[in-house]
$ cat input-v8.pdb   # PDB, C-alpha atoms and all ligand atoms
ATOM      1  CA  MET A  22       0.000   0.000   0.000
ATOM      2  CA  ALA A  23       1.371   3.385  -0.948
ATOM      3  CA  GLY A  24       2.290   5.838   1.770
ATOM      4  CA  VAL A  25       0.903   9.318   1.928
ATOM      5  CA  ARG A  26       3.223  12.128   0.899
ATOM      6  CA  VAL A  27       2.917  15.632   2.213
ATOM      7  CA  ARG A  28       3.912  18.288  -0.284
ATOM      8  CA  LEU A  29       4.377  21.882   0.865
ATOM      9  CA  ILE A  30       3.330  24.509  -1.647
ATOM     10  CA  PRO A  31       4.275  28.065  -0.596
ATOM     11  CA  ASN A  32       1.559  30.021  -2.422
ATOM     12  CA  LEU A  33      -1.342  27.598  -2.102
ATOM     13  CA  PRO A  34      -3.957  29.394   0.031
ATOM     14  CA  ASN A  35      -5.321  26.133   1.391
ATOM     15  CA  ALA A  36      -4.599  22.475   1.910
ATOM     16  CA  PHE A  37      -6.242  19.411   0.456
ATOM     17  CA  TYR A  38      -5.883  15.712  -0.009
ATOM     18  CA  ASN A  39      -5.164  14.815  -3.616
ATOM     19  CA  TYR A  40      -7.037  11.559  -4.184
ATOM     20  CA  ASP A  41      -5.456  10.994  -7.575
ATOM     21  CA  LYS A  42      -1.880  11.084  -6.344
ATOM     22  CA  GLY A  43      -2.430  10.036  -2.746
ATOM     23  CA  GLU A  44      -0.691  13.057  -1.321
ATOM     24  CA  ILE A  45      -1.498  15.976   0.917
ATOM     25  CA  LEU A  46      -0.895  19.372  -0.613
ATOM     26  CA  LEU A  47      -0.281  21.787   2.197
ATOM     27  CA  GLY A  48      -0.198  25.479   1.469
ATOM     28  CA  ILE A  49      -0.578  26.972   4.898
ATOM     29  CA  THR A  50       0.666  25.943   8.298
ATOM     30  CA  ASN A  51      -2.714  26.139  10.014
ATOM     31  CA  PRO A  52      -2.706  23.381  12.651
ATOM     32  CA  ALA A  53      -6.457  22.755  12.205
ATOM     33  CA  VAL A  54      -6.008  22.169   8.481
ATOM     34  CA  LEU A  55      -3.011  19.936   9.036
ATOM     35  CA  ALA A  56      -4.917  17.873  11.643
ATOM     36  CA  HIS A  57      -7.822  17.463   9.195
ATOM     37  CA  GLU A  58      -5.514  16.374   6.349
ATOM     38  CA  ILE A  59      -3.713  13.896   8.600
ATOM     39  CA  GLU A  60      -7.064  12.253   9.355
ATOM     40  CA  HIS A  61      -7.731  11.960   5.606
ATOM     41  CA  ALA A  62      -4.371  10.321   5.129
ATOM     42  CA  ASP A  63      -5.059   7.953   7.987
ATOM     43  CA  ASN A  64      -8.581   7.053   6.760
ATOM     44  CA  ILE A  65      -7.394   6.467   3.231
ATOM     45  CA  GLN A  66      -4.141   4.696   3.949
ATOM     46  CA  GLN A  67      -5.877   1.973   5.912
ATOM     47  CA  ASP A  68      -7.984   0.683   3.070
ATOM     48  CA  SER A  69      -7.031   0.734  -0.593
ATOM     49  CA  LEU A  70     -10.531  -0.291  -1.717
ATOM     50  CA  TYR A  71     -11.971   2.701   0.139
ATOM     51  CA  SER A  72      -9.278   4.895  -1.358
ATOM     52  CA  ASN A  73     -10.121   3.690  -4.893
ATOM     53  CA  MET A  74     -13.835   4.193  -4.337
ATOM     54  CA  LEU A  75     -13.208   7.764  -3.120
ATOM     55  CA  ARG A  76     -10.941   8.494  -6.056
ATOM     56  CA  ILE A  77     -13.546   7.314  -8.561
ATOM     57  CA  ALA A  78     -16.386   9.166  -6.811
ATOM     58  CA  GLU A  79     -14.238  12.320  -6.724
ATOM     59  CA  GLY A  80     -13.456  12.007 -10.420
ATOM     60  CA  VAL A  81     -17.077  11.544 -11.458
ATOM     61  CA  SER A  82     -18.138  14.316  -9.109
ATOM     62  CA  ARG A  83     -15.605  16.709 -10.620
ATOM     63  CA  VAL A  84     -16.827  15.995 -14.160
ATOM     64  CA  ASN A  85     -20.413  16.313 -12.976
ATOM     65  CA  ASN A  86     -19.674  19.733 -11.476
ATOM     66  CA  VAL A  87     -18.689  20.971 -14.923
ATOM     67  CA  ALA A  88     -21.325  19.053 -16.911
ATOM     68  CA  ALA A  89     -24.450  19.625 -14.808
ATOM     69  CA  ILE A  90     -25.491  23.030 -16.144
ATOM     70  CA  PRO A  91     -24.929  22.303 -19.872
ATOM     71  CA  THR A  92     -26.572  18.869 -19.470
ATOM     72  CA  MET A  93     -29.604  20.336 -17.756
ATOM     73  CA  LEU A  94     -29.929  23.075 -20.392
ATOM     74  CA  ALA A  95     -29.561  20.541 -23.229
ATOM     75  CA  LEU A  96     -32.251  18.309 -21.713
ATOM     76  CA  ARG A  97     -34.596  21.282 -21.427
ATOM     77  CA  LEU A  98     -33.878  22.214 -25.012
ATOM     78  CA  PHE A  99     -34.063  18.807 -26.685
ATOM     79  CA  ILE A 100     -36.562  16.761 -24.692
ATOM     80  CA  ASN A 101     -39.977  18.235 -25.249
ATOM     81  CA  ASP A 102     -42.027  15.798 -23.202
ATOM     82  CA  PRO A 103     -41.979  17.488 -19.757
ATOM     83  CA  GLU A 104     -42.805  14.280 -17.902
ATOM     84  CA  ARG A 105     -39.969  12.318 -19.508
ATOM     85  CA  ARG A 106     -37.572  15.246 -19.061
ATOM     86  CA  ASP A 107     -38.436  15.557 -15.372
ATOM     87  CA  ASP A 108     -37.873  11.835 -14.900
ATOM     88  CA  ILE A 109     -34.390  12.095 -16.399
ATOM     89  CA  LEU A 110     -33.559  15.212 -14.369
ATOM     90  CA  LYS A 111     -34.789  13.550 -11.187
ATOM     91  CA  THR A 112     -32.599  10.506 -11.868
ATOM     92  CA  LEU A 113     -29.548  12.676 -12.614
ATOM     93  CA  SER A 114     -30.161  14.653  -9.426
ATOM     94  CA  GLY A 115     -30.243  11.452  -7.367
ATOM     95  CA  LEU A 116     -27.126  10.059  -9.068
ATOM     96  CA  SER A 117     -25.311  13.348  -8.484
ATOM     97  CA  ALA A 118     -26.058  13.273  -4.774
ATOM     98  CA  ALA A 119     -25.009   9.609  -4.584
ATOM     99  CA  VAL A 120     -21.723  10.278  -6.309
ATOM    100  CA  ALA A 121     -20.984  13.280  -4.060
ATOM    101  CA  ALA A 122     -21.859  11.399  -0.854
ATOM    102  CA  PRO A 123     -18.644   9.380  -0.287
ATOM    103  CA  GLY A 124     -16.456  12.490  -0.517
ATOM    104  CA  LEU A 125     -18.747  14.431   1.826
ATOM    105  CA  VAL A 126     -18.776  11.577   4.342
ATOM    106  CA  GLU A 127     -14.977  11.404   4.177
ATOM    107  CA  GLU A 128     -14.710  15.184   4.742
ATOM    108  CA  ALA A 129     -17.040  15.015   7.723
ATOM    109  CA  SER A 130     -15.101  12.058   9.107
ATOM    110  CA  ALA A 131     -11.714  13.809   8.791
ATOM    111  CA  THR A 132     -13.063  16.925  10.526
ATOM    112  CA  THR A 133     -14.802  14.978  13.286
ATOM    113  CA  ARG A 134     -11.704  12.913  13.979
ATOM    114  CA  ALA A 135      -9.410  15.961  13.907
ATOM    115  CA  LEU A 136     -11.642  17.624  16.527
ATOM    116  CA  LYS A 137     -11.738  14.457  18.615
ATOM    117  CA  HIS A 138      -7.963  14.064  18.563
ATOM    118  CA  ASN A 139      -7.338  17.704  19.524
ATOM    119  CA  PRO A 140      -9.789  18.312  22.374
ATOM    120  CA  GLY A 141      -8.018  21.445  23.627
ATOM    121  CA  HIS A 142      -8.439  23.328  20.349
ATOM    122  CA  ARG A 143     -11.953  22.380  19.261
ATOM    123  CA  LEU A 144     -13.513  25.822  19.064
ATOM    124  CA  GLU A 145     -10.506  27.287  17.308
ATOM    125  CA  MET A 146     -10.387  24.412  14.839
ATOM    126  CA  LEU A 147     -14.109  24.619  14.124
ATOM    127  CA  LYS A 148     -13.664  28.206  12.941
ATOM    128  CA  THR A 149     -11.445  26.919  10.158
ATOM    129  CA  LEU A 150     -12.881  23.472   9.507
ATOM    130  CA  GLY A 151     -16.569  24.444   9.745
ATOM    131  CA  PRO A 152     -16.585  26.848   6.780
ATOM    132  CA  ALA A 153     -14.294  24.488   4.852
ATOM    133  CA  TYR A 154     -16.856  21.710   5.228
ATOM    134  CA  MET A 155     -19.675  24.016   4.148
ATOM    135  CA  MET A 156     -17.724  24.730   0.970
ATOM    136  CA  HIS A 157     -17.302  21.020   0.304
ATOM    137  CA  LEU A 158     -21.022  20.549   0.899
ATOM    138  CA  ALA A 159     -22.045  23.392  -1.424
ATOM    139  CA  ARG A 160     -19.724  22.199  -4.174
ATOM    140  CA  GLY A 161     -20.707  18.550  -3.731
ATOM    141  CA  LEU A 162     -24.445  19.146  -3.859
ATOM    142  CA  ALA A 163     -24.447  21.839  -6.556
ATOM    143  CA  PRO A 164     -24.974  19.457  -9.542
ATOM    144  CA  SER A 165     -27.859  17.721  -7.778
ATOM    145  CA  LEU A 166     -29.499  21.120  -7.187
ATOM    146  CA  VAL A 167     -28.906  22.153 -10.803
ATOM    147  CA  TYR A 168     -30.765  19.079 -12.069
ATOM    148  CA  GLN A 169     -33.563  19.703  -9.544
ATOM    149  CA  ALA A 170     -33.843  23.308 -10.713
ATOM    150  CA  GLY A 171     -34.212  22.128 -14.306
ATOM    151  CA  ARG A 172     -37.404  20.246 -13.548
ATOM    152  CA  SER A 173     -40.641  21.912 -14.521
ATOM    153  CA  ALA A 174     -42.723  20.547 -11.659
TER
HETATM  154 ZN    ZN B 201     -10.698  17.464   3.596
END
$ encode --input "input-v8.pdb" --output "structure tokens"
Amino acid sequence: MAGVRVRLIPNLPNAFYNYDKGEILLGITNPAVLAHEIEHADNIQQDSLYSNMLRIAEGVSRVNNVAAIPTMLALRLFINDPERRDDILKTLSGLSAAVAAPGLVEEASATTRALKHNPGHRLEMLKTLGPAYMMHLARGLAPSLVYQAGRSA
């Protein structure tokens, strides 16, 4: 099983776990962020099947983030039967949420564990990790909401 590298990047305004390369990219020396990323590394290192599943879900999710709006607009343009169109949009919305779920669960797990392992700094850490999770959530659920918005009913 491959180890997890930590790569320091001076001008990166954040830190994240790169699922594709199995490394942590660390741009700032915020202890809360580092604690969160260490939990990712720990979660992922323990189970290569889990790591592969996350990588695939992340990949599909990333494509979906880009494709959702044009797909929804194309469906509205080319499928004239509103009932059939709504069925397709509803299915795509559900699939989008399903594909985003593993990454969101992993983010929540890394944050929860980071808070648990650093009991003295919980409030401080939450100020950083709370908004970061909200961003993950917004980005993860955006395609699902786009497909929902495209429905006529
Ligand atoms: Zn994370």
$ closest_atom_pairs --input "input-v8.pdb" --of "chain A" --to "ligand ZN 201 (chain B)" --cutoff "6 Å" --atoms "all atoms listed in the file" --output "Markdown table"
| residue | atom | partner | partner_atom | distance |
| --- | --- | --- | --- | --- |
| A:Phe37 | CA | B:ZN201 | ZN | 5.8 |
| A:Glu58 | CA | B:ZN201 | ZN | 6.0 |
| A:Glu128 | CA | B:ZN201 | ZN | 4.8 |
$ residues_around --input "input-v8.pdb" --residues "range 114-118 of chain A" --least-positions-apart "4" --cutoff "9 Å" --atoms "only C-alpha atoms" --output "list of chain:residue names"
A:Val81, A:Ser82, A:Asn85, A:Ala89, A:Ile109, A:Leu110, A:Ala122, A:Gly161, A:Leu162, A:Ala163, A:Pro164, A:Ser165, A:Leu166, A:Val167, A:Tyr168, A:Gln169
$ closest_residue --input "input-v8.pdb" --among "A:Thr92, A:Thr132, A:Thr112, A:Ser173" --to "Ala53 in chain A" --atoms "all atoms listed in the file"
A:Thr132
$ closest_residue --input "input-v8.pdb" --among "A:Arg26, A:Arg160, A:Gly171, A:Lys111" --to "Ala95 in chain A" --atoms "all atoms listed in the file"
A:Gly171
$ resolve_selection --input "input-v8.pdb" --expression "the PyMOL selection byres (((chain A and resi 146) around 12) and not hetatm)" --output "list in words"
Asn51, Pro52, Ala53, Val54, Leu55, Ala56, His57, Thr132, Thr133, Arg134, Ala135, Leu136, Lys137, His138, Asn139, Pro140, Gly141, His142, Arg143, Leu144, Glu145, Leu147, Lys148, Thr149, Leu150, Gly151, Pro152, Ala153 and Tyr154 of chain A
$ residues_around --input "input-v8.pdb" --residues "Arg76 in chain A" --least-positions-apart "2" --cutoff "12 Å" --atoms "all atoms listed in the file" --output "number ranges by chain"
A: 38-43, 65, 69-74, 78-83, 120-121, 123-124, 127
$ atom_distance --input "input-v8.pdb" --atom1 "CA of Asn86 in chain A" --atom2 "CA of Ile45 in chain A"
22.3 Å
